[in-house]
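**Student:** I'm passing along protein.tsv; it holds TSV, N, CA and C atoms.
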```tsv
chain	number	residue	atom	x	y	z
A	1	MET	N	130.28	104.12	107.19
A	1	MET	CA	131.59	104.53	106.74
A	1	MET	C	132.58	104.31	107.87
A	2	SER	N	133.71	103.67	107.56
A	2	SER	CA	134.70	103.42	108.60
A	2	SER	C	135.41	104.72	108.97
A	3	LYS	N	135.82	104.78	110.23
A	3	LYS	CA	136.50	105.97	110.73
A	3	LYS	C	137.60	105.51	111.67
A	4	LEU	N	138.77	106.10	111.52
A	4	LEU	CA	139.89	105.81	112.41
A	4	LEU	C	140.30	107.09	113.11
A	5	ASP	N	140.36	107.03	114.43
A	5	ASP	CA	140.84	108.16	115.23
A	5	ASP	C	142.18	107.76	115.84
A	6	HIS	N	143.23	108.49	115.47
A	6	HIS	CA	144.58	108.26	115.99
A	6	HIS	C	144.77	109.22	117.16
A	7	LEU	N	144.71	108.68	118.37
A	7	LEU	CA	144.76	109.51	119.56
A	7	LEU	C	146.21	109.74	119.99
A	8	ARG	N	146.43	110.88	120.59
A	8	ARG	CA	147.75	111.23	121.14
A	8	ARG	C	147.57	111.55	122.62
A	9	PRO	N	147.55	110.50	123.45
A	9	PRO	CA	147.31	110.72	124.88
A	9	PRO	C	148.42	111.57	125.51
A	10	SER	N	148.01	112.53	126.33
A	10	SER	CA	149.02	113.32	127.03
A	10	SER	C	149.77	112.39	127.98
A	11	GLY	N	151.04	112.66	128.13
A	11	GLY	CA	151.88	111.83	128.98
A	11	GLY	C	152.61	110.74	128.22
A	12	LEU	N	152.21	110.46	126.97
A	12	LEU	CA	152.90	109.48	126.14
A	12	LEU	C	153.68	110.21	125.05
A	13	HIS	N	154.92	109.83	124.86
A	13	HIS	CA	155.78	110.44	123.83
A	13	HIS	C	155.17	110.23	122.45
A	14	HIS	N	155.06	111.29	121.66
A	14	HIS	CA	154.57	111.16	120.28
A	14	HIS	C	155.72	110.70	119.39
A	15	ASN	N	155.55	109.55	118.77
A	15	ASN	CA	156.53	109.00	117.84
A	15	ASN	C	155.88	108.99	116.46
A	16	PRO	N	156.47	109.64	115.46
A	16	PRO	CA	155.85	109.69	114.15
A	16	PRO	C	155.81	108.35	113.43
A	17	ALA	N	156.50	107.33	113.94
A	17	ALA	CA	156.53	106.02	113.28
A	17	ALA	C	155.33	105.14	113.60
A	18	TYR	N	154.61	105.46	114.68
A	18	TYR	CA	153.44	104.65	115.03
A	18	TYR	C	152.50	105.47	115.91
A	19	SER	N	151.27	104.98	116.04
A	19	SER	CA	150.27	105.60	116.91
A	19	SER	C	150.13	104.75	118.17
A	20	HIS	N	150.03	105.39	119.32
A	20	HIS	CA	149.83	104.64	120.56
A	20	HIS	C	148.43	104.05	120.63
A	21	VAL	N	147.44	104.80	120.14
A	21	VAL	CA	146.05	104.38	120.24
A	21	VAL	C	145.33	104.69	118.93
A	22	VAL	N	144.63	103.69	118.40
A	22	VAL	CA	143.79	103.90	117.23
A	22	VAL	C	142.41	103.37	117.58
A	23	VAL	N	141.40	104.23	117.48
A	23	VAL	CA	140.03	103.85	117.73
A	23	VAL	C	139.36	103.67	116.37
A	24	ALA	N	138.87	102.46	116.11
A	24	ALA	CA	138.31	102.13	114.80
A	24	ALA	C	136.81	101.94	114.88
A	25	SER	N	136.10	102.55	113.94
A	25	SER	CA	134.67	102.34	113.78
A	25	SER	C	134.45	101.94	112.33
A	26	GLY	N	133.78	100.86	112.11
A	26	GLY	CA	133.54	100.41	110.75
A	26	GLY	C	132.74	99.13	110.74
A	27	ALA	N	132.34	98.73	109.55
A	27	ALA	CA	131.47	97.58	109.42
A	27	ALA	C	132.23	96.25	109.40
A	28	ARG	N	133.50	96.27	108.97
A	28	ARG	CA	134.25	95.02	108.83
A	28	ARG	C	135.62	95.12	109.47
A	29	THR	N	136.01	94.07	110.16
A	29	THR	CA	137.36	93.96	110.68
A	29	THR	C	138.07	92.91	109.85
A	30	ILE	N	139.27	93.23	109.37
A	30	ILE	CA	140.03	92.36	108.49
A	30	ILE	C	141.29	91.93	109.23
A	31	TYR	N	141.49	90.64	109.36
A	31	TYR	CA	142.67	90.09	110.02
A	31	TYR	C	143.57	89.48	108.95
A	32	ILE	N	144.79	89.97	108.85
A	32	ILE	CA	145.72	89.48	107.84
A	32	ILE	C	146.83	88.69	108.53
A	33	SER	N	146.97	87.45	108.12
A	33	SER	CA	148.02	86.58	108.66
A	33	SER	C	149.37	87.21	108.46
A	34	GLY	N	150.33	86.77	109.25
A	34	GLY	CA	151.69	87.25	109.10
A	34	GLY	C	152.18	87.03	107.68
A	35	GLN	N	152.62	88.10	107.05
A	35	GLN	CA	153.14	88.03	105.69
A	35	GLN	C	154.66	87.98	105.75
A	36	VAL	N	155.22	87.20	104.85
A	36	VAL	CA	156.68	87.04	104.78
A	36	VAL	C	157.15	87.42	103.39
A	37	SER	N	158.44	87.40	103.20
A	37	SER	CA	159.04	87.88	101.95
A	37	SER	C	159.09	86.79	100.88
A	38	THR	N	157.91	86.44	100.37
A	38	THR	CA	157.84	85.48	99.27
A	38	THR	C	157.03	86.08	98.14
A	39	ASP	N	157.31	85.60	96.92
A	39	ASP	CA	156.52	86.04	95.77
A	39	ASP	C	155.35	85.08	95.56
A	40	GLU	N	154.63	85.26	94.48
A	40	GLU	CA	153.44	84.45	94.19
A	40	GLU	C	153.75	82.97	94.07
A	41	GLU	N	154.96	82.64	93.68
A	41	GLU	CA	155.38	81.25	93.52
A	41	GLU	C	155.97	80.66	94.82
A	42	GLY	N	156.04	81.46	95.88
A	42	GLY	CA	156.59	81.00	97.14
A	42	GLY	C	158.10	81.14	97.25
A	43	ARG	N	158.71	81.81	96.28
A	43	ARG	CA	160.16	82.03	96.31
A	43	ARG	C	160.50	83.19	97.23
A	44	VAL	N	161.58	83.06	97.97
A	44	VAL	CA	162.03	84.12	98.87
A	44	VAL	C	162.51	85.31	98.04
A	45	VAL	N	162.07	86.50	98.42
A	45	VAL	CA	162.50	87.75	97.79
A	45	VAL	C	163.44	88.45	98.77
A	46	GLY	N	164.60	88.86	98.32
A	46	GLY	CA	165.53	89.61	99.16
A	46	GLY	C	166.26	88.77	100.19
A	47	ALA	N	166.70	87.59	99.80
A	47	ALA	CA	167.41	86.71	100.73
A	47	ALA	C	168.55	87.47	101.42
A	48	GLY	N	168.56	87.43	102.74
A	48	GLY	CA	169.61	88.06	103.51
A	48	GLY	C	169.56	89.58	103.60
A	49	ASP	N	168.55	90.21	103.02
A	49	ASP	CA	168.45	91.68	102.96
A	49	ASP	C	167.17	92.13	103.68
A	50	LEU	N	167.33	92.63	104.90
A	50	LEU	CA	166.17	93.01	105.72
A	50	LEU	C	165.33	94.09	105.06
A	51	ALA	N	165.94	95.09	104.45
A	51	ALA	CA	165.18	96.17	103.81
A	51	ALA	C	164.34	95.61	102.66
A	52	ALA	N	164.95	94.79	101.81
A	52	ALA	CA	164.23	94.21	100.67
A	52	ALA	C	163.11	93.30	101.15
A	53	GLN	N	163.37	92.53	102.20
A	53	GLN	CA	162.32	91.65	102.72
A	53	GLN	C	161.17	92.46	103.32
A	54	THR	N	161.50	93.53	104.03
A	54	THR	CA	160.44	94.37	104.61
A	54	THR	C	159.57	94.96	103.52
A	55	THR	N	160.18	95.43	102.44
A	55	THR	CA	159.41	95.99	101.32
A	55	THR	C	158.50	94.94	100.72
A	56	GLN	N	159.01	93.73	100.50
A	56	GLN	CA	158.18	92.65	99.93
A	56	GLN	C	157.03	92.29	100.86
A	57	VAL	N	157.32	92.23	102.16
A	57	VAL	CA	156.28	91.92	103.14
A	57	VAL	C	155.18	92.98	103.07
A	58	MET	N	155.56	94.25	103.01
A	58	MET	CA	154.56	95.32	102.93
A	58	MET	C	153.77	95.24	101.63
A	59	GLN	N	154.42	94.90	100.53
A	59	GLN	CA	153.69	94.71	99.26
A	59	GLN	C	152.71	93.56	99.38
A	60	ASN	N	153.11	92.48	100.04
A	60	ASN	CA	152.20	91.35	100.24
A	60	ASN	C	151.01	91.75	101.11
A	61	LEU	N	151.26	92.56	102.14
A	61	LEU	CA	150.15	93.08	102.94
A	61	LEU	C	149.19	93.87	102.07
A	62	GLY	N	149.74	94.69	101.17
A	62	GLY	CA	148.92	95.49	100.26
A	62	GLY	C	148.02	94.63	99.39
A	63	MET	N	148.56	93.52	98.89
A	63	MET	CA	147.75	92.61	98.07
A	63	MET	C	146.63	91.97	98.89
A	64	ALA	N	146.94	91.60	100.12
A	64	ALA	CA	145.92	91.03	101.00
A	64	ALA	C	144.84	92.06	101.31
A	65	LEU	N	145.26	93.29	101.60
A	65	LEU	CA	144.30	94.37	101.86
A	65	LEU	C	143.40	94.60	100.66
A	66	LYS	N	144.00	94.68	99.48
A	66	LYS	CA	143.23	94.93	98.25
A	66	LYS	C	142.19	93.83	98.03
A	67	ALA	N	142.58	92.57	98.29
A	67	ALA	CA	141.64	91.46	98.13
A	67	ALA	C	140.42	91.61	99.05
A	68	ALA	N	140.63	92.28	100.19
A	68	ALA	CA	139.55	92.49	101.15
A	68	ALA	C	138.84	93.83	100.93
A	69	GLY	N	139.20	94.54	99.85
A	69	GLY	CA	138.58	95.84	99.58
A	69	GLY	C	139.07	96.93	100.50
A	70	ALA	N	140.33	96.83	100.92
A	70	ALA	CA	140.89	97.82	101.85
A	70	ALA	C	142.25	98.28	101.34
A	71	SER	N	142.86	99.20	102.10
A	71	SER	CA	144.18	99.72	101.74
A	71	SER	C	144.99	99.93	103.02
A	72	TYR	N	146.22	100.38	102.86
A	72	TYR	CA	147.08	100.63	104.02
A	72	TYR	C	146.43	101.60	104.99
A	73	SER	N	145.64	102.53	104.49
A	73	SER	CA	145.01	103.52	105.36
A	73	SER	C	143.97	102.89	106.29
A	74	ASN	N	143.55	101.66	106.02
A	74	ASN	CA	142.59	100.97	106.87
A	74	ASN	C	143.25	100.17	108.00
A	75	ILE	N	144.57	100.05	107.96
A	75	ILE	CA	145.26	99.27	109.00
A	75	ILE	C	145.20	100.02	110.32
A	76	VAL	N	144.78	99.30	111.36
A	76	VAL	CA	144.73	99.90	112.70
A	76	VAL	C	145.84	99.38	113.59
A	77	LYS	N	146.38	98.18	113.28
A	77	LYS	CA	147.42	97.58	114.13
A	77	LYS	C	148.28	96.64	113.30
A	78	ILE	N	149.58	96.76	113.47
A	78	ILE	CA	150.50	95.79	112.88
A	78	ILE	C	151.41	95.24	113.97
A	79	THR	N	151.78	93.99	113.80
A	79	THR	CA	152.77	93.36	114.67
A	79	THR	C	153.88	92.85	113.77
A	80	THR	N	155.10	93.24	114.10
A	80	THR	CA	156.27	92.89	113.30
A	80	THR	C	157.17	91.97	114.11
A	81	PHE	N	157.55	90.86	113.50
A	81	PHE	CA	158.45	89.89	114.11
A	81	PHE	C	159.75	89.90	113.33
A	82	VAL	N	160.88	90.10	114.01
A	82	VAL	CA	162.18	90.22	113.35
A	82	VAL	C	163.15	89.21	113.95
A	83	VAL	N	163.75	88.40	113.10
A	83	VAL	CA	164.72	87.42	113.55
A	83	VAL	C	166.00	88.13	114.00
A	84	GLY	N	166.48	87.78	115.20
A	84	GLY	CA	167.72	88.34	115.72
A	84	GLY	C	167.68	89.84	115.86
A	85	TYR	N	166.56	90.38	116.29
A	85	TYR	CA	166.40	91.83	116.37
A	85	TYR	C	167.45	92.48	117.27
A	86	LYS	N	167.98	93.60	116.78
A	86	LYS	CA	168.86	94.49	117.53
A	86	LYS	C	168.38	95.91	117.24
A	87	PRO	N	168.51	96.84	118.18
A	87	PRO	CA	168.01	98.20	117.97
A	87	PRO	C	168.50	98.85	116.68
A	88	GLU	N	169.70	98.52	116.22
A	88	GLU	CA	170.20	99.15	114.99
A	88	GLU	C	169.45	98.68	113.74
A	89	LEU	N	168.59	97.67	113.86
A	89	LEU	CA	167.78	97.22	112.72
A	89	LEU	C	166.51	98.05	112.55
A	90	ARG	N	166.10	98.72	113.62
A	90	ARG	CA	164.84	99.47	113.58
A	90	ARG	C	164.79	100.52	112.48
A	91	PRO	N	165.83	101.32	112.24
A	91	PRO	CA	165.77	102.29	111.15
A	91	PRO	C	165.62	101.64	109.76
A	92	ILE	N	166.20	100.48	109.57
A	92	ILE	CA	166.08	99.78	108.28
A	92	ILE	C	164.63	99.38	108.05
A	93	ILE	N	164.02	98.81	109.08
A	93	ILE	CA	162.62	98.39	108.99
A	93	ILE	C	161.73	99.61	108.83
A	94	GLY	N	161.98	100.63	109.65
A	94	GLY	CA	161.15	101.84	109.62
A	94	GLY	C	161.17	102.54	108.27
A	95	LYS	N	162.34	102.64	107.66
A	95	LYS	CA	162.44	103.30	106.36
A	95	LYS	C	161.65	102.55	105.30
A	96	ALA	N	161.80	101.23	105.27
A	96	ALA	CA	161.08	100.44	104.27
A	96	ALA	C	159.57	100.48	104.52
A	97	ARG	N	159.17	100.41	105.77
A	97	ARG	CA	157.75	100.37	106.12
A	97	ARG	C	157.06	101.71	105.95
A	98	SER	N	157.76	102.80	106.30
A	98	SER	CA	157.13	104.12	106.31
A	98	SER	C	156.68	104.57	104.93
A	99	ALA	N	157.33	104.10	103.88
A	99	ALA	CA	156.93	104.46	102.52
A	99	ALA	C	155.48	104.06	102.23
A	100	PHE	N	155.00	103.03	102.88
A	100	PHE	CA	153.64	102.53	102.64
A	100	PHE	C	152.60	103.30	103.44
A	101	PHE	N	153.03	104.10	104.42
A	101	PHE	CA	152.12	104.90	105.23
A	101	PHE	C	152.33	106.39	105.02
A	102	GLU	N	153.03	106.74	103.96
A	102	GLU	CA	153.35	108.14	103.68
A	102	GLU	C	152.07	108.97	103.53
A	103	GLY	N	152.05	110.11	104.19
A	103	GLY	CA	150.91	111.01	104.09
A	103	GLY	C	149.72	110.62	104.93
A	104	MET	N	149.86	109.61	105.79
A	104	MET	CA	148.75	109.20	106.65
A	104	MET	C	149.26	108.92	108.06
A	105	GLU	N	148.37	108.89	108.99
A	105	GLU	CA	148.74	108.54	110.36
A	105	GLU	C	149.12	107.06	110.38
A	106	PRO	N	150.22	106.71	111.03
A	106	PRO	CA	150.60	105.30	111.08
A	106	PRO	C	149.72	104.52	112.05
A	107	PRO	N	149.64	103.21	111.86
A	107	PRO	CA	148.82	102.39	112.76
A	107	PRO	C	149.51	102.18	114.11
A	108	ALA	N	148.77	101.62	115.04
A	108	ALA	CA	149.38	101.13	116.27
A	108	ALA	C	150.34	100.01	115.86
A	109	SER	N	151.43	99.85	116.60
A	109	SER	CA	152.47	98.93	116.14
A	109	SER	C	153.21	98.29	117.30
A	110	THR	N	153.55	97.03	117.12
A	110	THR	CA	154.39	96.30	118.07
A	110	THR	C	155.48	95.61	117.29
A	111	LEU	N	156.72	95.69	117.78
A	111	LEU	CA	157.86	95.03	117.16
A	111	LEU	C	158.41	94.02	118.16
A	112	VAL	N	158.56	92.77	117.70
A	112	VAL	CA	159.01	91.70	118.57
A	112	VAL	C	160.23	91.02	117.95
A	113	GLY	N	161.31	90.92	118.71
A	113	GLY	CA	162.47	90.15	118.26
A	113	GLY	C	162.23	88.68	118.54
A	114	VAL	N	162.55	87.84	117.56
A	114	VAL	CA	162.35	86.40	117.70
A	114	VAL	C	163.63	85.66	117.31
A	115	THR	N	163.73	84.44	117.74
A	115	THR	CA	164.88	83.61	117.40
A	115	THR	C	164.80	83.11	115.97
A	116	ALA	N	163.60	82.74	115.54
A	116	ALA	CA	163.42	82.21	114.19
A	116	ALA	C	161.97	82.38	113.76
A	117	LEU	N	161.76	82.31	112.45
A	117	LEU	CA	160.41	82.26	111.87
A	117	LEU	C	160.23	80.85	111.28
A	118	ALA	N	159.12	80.62	110.60
A	118	ALA	CA	158.79	79.28	110.11
A	118	ALA	C	159.76	78.75	109.06
A	119	ALA	N	160.45	79.62	108.34
A	119	ALA	CA	161.46	79.20	107.37
A	119	ALA	C	162.75	79.96	107.66
A	120	PRO	N	163.89	79.30	107.54
A	120	PRO	CA	165.15	79.94	107.92
A	120	PRO	C	165.53	81.14	107.06
A	121	GLU	N	165.00	81.27	105.85
A	121	GLU	CA	165.33	82.39	104.96
A	121	GLU	C	164.60	83.68	105.33
A	122	TRP	N	163.53	83.56	106.06
A	122	TRP	CA	162.71	84.72	106.40
A	122	TRP	C	163.34	85.49	107.56
A	123	LEU	N	163.49	86.80	107.35
A	123	LEU	CA	164.05	87.68	108.38
A	123	LEU	C	162.97	88.46	109.12
A	124	ILE	N	161.80	88.62	108.48
A	124	ILE	CA	160.75	89.47	109.03
A	124	ILE	C	159.38	88.93	108.64
A	125	GLU	N	158.43	89.12	109.54
A	125	GLU	CA	157.04	88.75	109.29
A	125	GLU	C	156.17	89.83	109.91
A	126	ILE	N	155.14	90.26	109.16
A	126	ILE	CA	154.26	91.31	109.67
A	126	ILE	C	152.81	90.87	109.50
A	127	GLU	N	152.04	90.96	110.59
A	127	GLU	CA	150.60	90.70	110.54
A	127	GLU	C	149.87	92.01	110.76
A	128	ALA	N	148.63	92.09	110.29
A	128	ALA	CA	147.89	93.35	110.39
A	128	ALA	C	146.42	93.11	110.70
A	129	VAL	N	145.83	94.12	111.30
A	129	VAL	CA	144.39	94.19	111.52
A	129	VAL	C	143.93	95.50	110.88
A	130	ALA	N	142.89	95.42	110.06
A	130	ALA	CA	142.35	96.60	109.39
A	130	ALA	C	140.85	96.69	109.63
A	131	VAL	N	140.32	97.89	109.52
A	131	VAL	CA	138.88	98.12	109.66
A	131	VAL	C	138.41	98.91	108.46
A	132	ALA	N	137.37	98.41	107.80
A	132	ALA	CA	136.85	99.06	106.60
A	132	ALA	C	135.34	98.90	106.55
A	133	ASP	N	134.73	99.58	105.61
A	133	ASP	CA	133.28	99.43	105.40
A	133	ASP	C	132.99	98.19	104.61
```
Produce structure tokens that represent the structure in this file.

**Tutor:**
Amino acid sequence: MSKLDHLRPSGLHHNPAYSHVVVASGARTIYISGQVSTDEEGRVVGAGDLAAQTTQVMQNLGMALKAAGASYSNIVKITTFVVGYKPELRPIIGKARSAFFEGMEPPASTLVGVTALAAPEWLIEIEAVAVAD
């Protein structure tokens, strides 16, 4: 049975949006490629709207997790890439993302500002690592 321990090391500020350390024990590690804001047909969802794109990206992560027999609760680490990142964008991303981790400890997380992604319409890309049985 997989087990995730979300540690709160003393000396590190506790932020409810992410965990500093997640110790994972389980039989399978699942690596999910960076997901972007496209639908099943490859069409961009939420053009120009960071909140809408973040929601679509998280839904795409959910579909990838489900295909692997896992869920958001199995995610141990996410990395978020944001085009033209500025600190005032963080609450927009956080609000859209947090709905998918409601009622559970959030994963370890890194946010990286980038100049561009693989397609000019994409504003955000999120990759994940999950551990499950």

**Student:** Could you list, as a PyMOL selection string, every residue within 7 Å of Glu121 (chain A), counting only C-alpha atoms and ignoring same-chain residues fewer than 2 positions away?

**Tutor:** chain A and resi 47+119+123

**Student:** Considering only N, CA and C atoms, can you say which of A:Pro9, A:Pro107, A:Pro91, A:Gly84 comes closest to Tyr72 (chain A)?

**Tutor:**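 Closest candidate: A:Pro107.
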
**Student:** Considering all atoms listed in the file, return as a list in words whatever protein or nucleic-acid residues lie within 7 Å of Val23 (chain A), sequence-local ones (same chain, fewer than 4 positions apart) excluded.

**Tutor:**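 My list of contacting residues is Lys3, Leu4, Asp5, His6 and Leu7 of chain A.
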
**Student:** Report the distance between atom N of Ile75 (chain A) and CA of Ala128 (chain A) in Å, rounded to one decimal place.

**Tutor:**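 Separation between atom N of Ile75 (chain A) and CA of Ala128 (chain A): 7.9 Å.
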
**Student:** Which residues are close to Ala70 (chain A), i.e. within 8 Å by only N, CA and C atoms, leaving aside same-chain residues fewer than 4 positions away? Reply as JSON, numbers by chain.

**Tutor:** {"A": [62, 64, 65, 66, 74, 75, 130, 131, 132, 133]}

**Student:** Pull N, CA and C atoms from the residues just selected and write them as a PDB file, in the coordinates of the input.

**Tutor:**
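out.pdb, written as the output of this step:
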```pdb
ATOM      1  N   GLY A  62     149.740  94.690 101.170  1.00  0.00           N
ATOM      2  CA  GLY A  62     148.920  95.490 100.260  1.00  0.00           C
ATOM      3  C   GLY A  62     148.020  94.630  99.390  1.00  0.00           C
ATOM      4  N   ALA A  64     146.940  91.600 100.120  1.00  0.00           N
ATOM      5  CA  ALA A  64     145.920  91.030 101.000  1.00  0.00           C
ATOM      6  C   ALA A  64     144.840  92.060 101.310  1.00  0.00           C
ATOM      7  N   LEU A  65     145.260  93.290 101.600  1.00  0.00           N
ATOM      8  CA  LEU A  65     144.300  94.370 101.860  1.00  0.00           C
ATOM      9  C   LEU A  65     143.400  94.600 100.660  1.00  0.00           C
ATOM     10  N   LYS A  66     144.000  94.680  99.480  1.00  0.00           N
ATOM     11  CA  LYS A  66     143.230  94.930  98.250  1.00  0.00           C
ATOM     12  C   LYS A  66     142.190  93.830  98.030  1.00  0.00           C
ATOM     13  N   ASN A  74     143.550 101.660 106.020  1.00  0.00           N
ATOM     14  CA  ASN A  74     142.590 100.970 106.870  1.00  0.00           C
ATOM     15  C   ASN A  74     143.250 100.170 108.000  1.00  0.00           C
ATOM     16  N   ILE A  75     144.570 100.050 107.960  1.00  0.00           N
ATOM     17  CA  ILE A  75     145.260  99.270 109.000  1.00  0.00           C
ATOM     18  C   ILE A  75     145.200 100.020 110.320  1.00  0.00           C
ATOM     19  N   ALA A 130     142.890  95.420 110.060  1.00  0.00           N
ATOM     20  CA  ALA A 130     142.350  96.600 109.390  1.00  0.00           C
ATOM     21  C   ALA A 130     140.850  96.690 109.630  1.00  0.00           C
ATOM     22  N   VAL A 131     140.320  97.890 109.520  1.00  0.00           N
ATOM     23  CA  VAL A 131     138.880  98.120 109.660  1.00  0.00           C
ATOM     24  C   VAL A 131     138.410  98.910 108.460  1.00  0.00           C
ATOM     25  N   ALA A 132     137.370  98.410 107.800  1.00  0.00           N
ATOM     26  CA  ALA A 132     136.850  99.060 106.600  1.00  0.00           C
ATOM     27  C   ALA A 132     135.340  98.900 106.550  1.00  0.00           C
ATOM     28  N   ASP A 133     134.730  99.580 105.610  1.00  0.00           N
ATOM     29  CA  ASP A 133     133.280  99.430 105.400  1.00  0.00           C
ATOM     30  C   ASP A 133     132.990  98.190 104.610  1.00  0.00           C
TER      31      ASP A 133
END
```

**Student:** Mind pulling up the distance from CA of Ser109 (chain A) to CA of Thr79 (chain A)?

**Tutor:**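 Interatomic distance here is 5.8 Å.
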
**Student:** Which residues are close to Ile126 (chain A), i.e. within 7 Å by only N, CA and C atoms, leaving aside same-chain residues fewer than 6 positions away? Reply as a list in words.

**Tutor:**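 Non-adjacent residues within range: Ile32, Ser33, Gly34, Gln35, Val36, Val57, Ile78, Thr79, Thr80 and Phe81 of chain A.
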
**Student:** If you run DSSP on the backbone, which residues of chain A are alpha helix (DSSP H), as a ChimeraX atom specification?

**Tutor:** /A:50-67,90-98

**Student:** Quick one: pull the distance between atom N of Val82 (chain A) and atom N of Thr115 (chain A), Å, one decimal.

**Tutor:**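 Answer for the atom N of Val82 (chain A) to atom N of Thr115 (chain A) separation: 7.4 Å.
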
**Student:** I'd like to know which of A:His20, A:Arg43, A:His14, A:Arg28 is closest to Ser2 (chain A), using only C-alpha atoms.

**Tutor:**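 Smallest separation from Ser2 (chain A) among the options: A:Arg28.
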
**Student:** Could you check which of A:Leu50, A:Ile30, A:Ala116, A:Val21 is closest to Ala68 (chain A), using all atoms listed in the file?

**Tutor:**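 For Ala68 (chain A), the nearest of the given residues is A:Ile30.
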
**Student:** Determine the nearest neighbour of Glu125 (chain A) from the options A:Val76, A:Ala108, A:Glu88, A:Gln53, counting only N, CA and C atoms.

**Tutor:**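 Under the stated criterion, the closest residue is A:Gln53.
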
**Student:** Looking at A:Ile93, A:Tyr85, A:Ser10, A:Thr54, which one is nearest to Val112 (chain A), with distances taken over only N, CA and C atoms?

**Tutor:**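 The shortest atom-to-atom distance to Val112 (chain A) comes from A:Tyr85.
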
**Student:** Show me a table, sorted first by chain and then by increasing residue number, of the residues of region 20-78 of chain A having an atom at most 7 Å from region 95-99 of chain A, each with its shortest atom pair and the distance in Å to one decimal, counting only N, CA and C atoms and written as a tab-separated table.

**Tutor:**
```
residue	atom	partner	partner_atom	distance
A:Ala51	CA	A:Ala96	CA	5.9
A:Thr54	C	A:Ala96	C	5.6
A:Thr55	N	A:Ala96	CA	5.4
A:Met58	CA	A:Arg97	CA	6.8
```

**Student:** Find the residue from A:Thr38, A:Leu111, A:Pro120, A:Pro106 that sits nearest to Pro16 (chain A); use all atoms listed in the file when measuring.

**Tutor:**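 Checking each of A:Thr38, A:Leu111, A:Pro120, A:Pro106 against Pro16 (chain A), counting all atoms listed in the file, the winner is A:Pro106.
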
**Student:** Once DSSP has gone over the backbone, tell me which residues of chain A are in strand (DSSP E), as a ChimeraX atom specification.

**Tutor:** /A:3-7,21-25,28-35,75-83,108-114,124-132

**Student:** Since the input has fewer atoms than a full residue there, write region 17-28 of chain A out with N, CA, C and O atoms, as a PDB file, in the frame of the given file.

**Tutor:**
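Listed below is the output, result.pdb:
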```
ATOM      1  N   ALA A  17     156.500 107.330 113.940  1.00  0.00           N
ATOM      2  CA  ALA A  17     156.530 106.020 113.280  1.00  0.00           C
ATOM      3  C   ALA A  17     155.330 105.140 113.600  1.00  0.00           C
ATOM      4  O   ALA A  17     155.072 104.176 112.901  1.00  0.00           O
ATOM      5  N   TYR A  18     154.610 105.460 114.680  1.00  0.00           N
ATOM      6  CA  TYR A  18     153.440 104.650 115.030  1.00  0.00           C
ATOM      7  C   TYR A  18     152.500 105.470 115.910  1.00  0.00           C
ATOM      8  O   TYR A  18     152.873 106.508 116.448  1.00  0.00           O
ATOM      9  N   SER A  19     151.270 104.980 116.040  1.00  0.00           N
ATOM     10  CA  SER A  19     150.270 105.600 116.910  1.00  0.00           C
ATOM     11  C   SER A  19     150.130 104.750 118.170  1.00  0.00           C
ATOM     12  O   SER A  19     150.086 103.521 118.083  1.00  0.00           O
ATOM     13  N   HIS A  20     150.030 105.390 119.320  1.00  0.00           N
ATOM     14  CA  HIS A  20     149.830 104.640 120.560  1.00  0.00           C
ATOM     15  C   HIS A  20     148.430 104.050 120.630  1.00  0.00           C
ATOM     16  O   HIS A  20     148.244 102.940 121.121  1.00  0.00           O
ATOM     17  N   VAL A  21     147.440 104.800 120.140  1.00  0.00           N
ATOM     18  CA  VAL A  21     146.050 104.380 120.240  1.00  0.00           C
ATOM     19  C   VAL A  21     145.330 104.690 118.930  1.00  0.00           C
ATOM     20  O   VAL A  21     145.409 105.814 118.432  1.00  0.00           O
ATOM     21  N   VAL A  22     144.630 103.690 118.400  1.00  0.00           N
ATOM     22  CA  VAL A  22     143.790 103.900 117.230  1.00  0.00           C
ATOM     23  C   VAL A  22     142.410 103.370 117.580  1.00  0.00           C
ATOM     24  O   VAL A  22     142.256 102.202 117.952  1.00  0.00           O
ATOM     25  N   VAL A  23     141.400 104.230 117.480  1.00  0.00           N
ATOM     26  CA  VAL A  23     140.030 103.850 117.730  1.00  0.00           C
ATOM     27  C   VAL A  23     139.360 103.670 116.370  1.00  0.00           C
ATOM     28  O   VAL A  23     139.347 104.598 115.556  1.00  0.00           O
ATOM     29  N   ALA A  24     138.870 102.460 116.110  1.00  0.00           N
ATOM     30  CA  ALA A  24     138.310 102.130 114.800  1.00  0.00           C
ATOM     31  C   ALA A  24     136.810 101.940 114.880  1.00  0.00           C
ATOM     32  O   ALA A  24     136.305 101.259 115.775  1.00  0.00           O
ATOM     33  N   SER A  25     136.100 102.550 113.940  1.00  0.00           N
ATOM     34  CA  SER A  25     134.670 102.340 113.780  1.00  0.00           C
ATOM     35  C   SER A  25     134.450 101.940 112.330  1.00  0.00           C
ATOM     36  O   SER A  25     134.940 102.604 111.421  1.00  0.00           O
ATOM     37  N   GLY A  26     133.780 100.860 112.110  1.00  0.00           N
ATOM     38  CA  GLY A  26     133.540 100.410 110.750  1.00  0.00           C
ATOM     39  C   GLY A  26     132.740  99.130 110.740  1.00  0.00           C
ATOM     40  O   GLY A  26     132.507  98.509 111.785  1.00  0.00           O
ATOM     41  N   ALA A  27     132.340  98.730 109.550  1.00  0.00           N
ATOM     42  CA  ALA A  27     131.470  97.580 109.420  1.00  0.00           C
ATOM     43  C   ALA A  27     132.230  96.250 109.400  1.00  0.00           C
ATOM     44  O   ALA A  27     131.679  95.225 109.739  1.00  0.00           O
ATOM     45  N   ARG A  28     133.500  96.270 108.970  1.00  0.00           N
ATOM     46  CA  ARG A  28     134.250  95.020 108.830  1.00  0.00           C
ATOM     47  C   ARG A  28     135.620  95.120 109.470  1.00  0.00           C
ATOM     48  O   ARG A  28     136.307  96.117 109.321  1.00  0.00           O
TER      49      ARG A  28
END
```
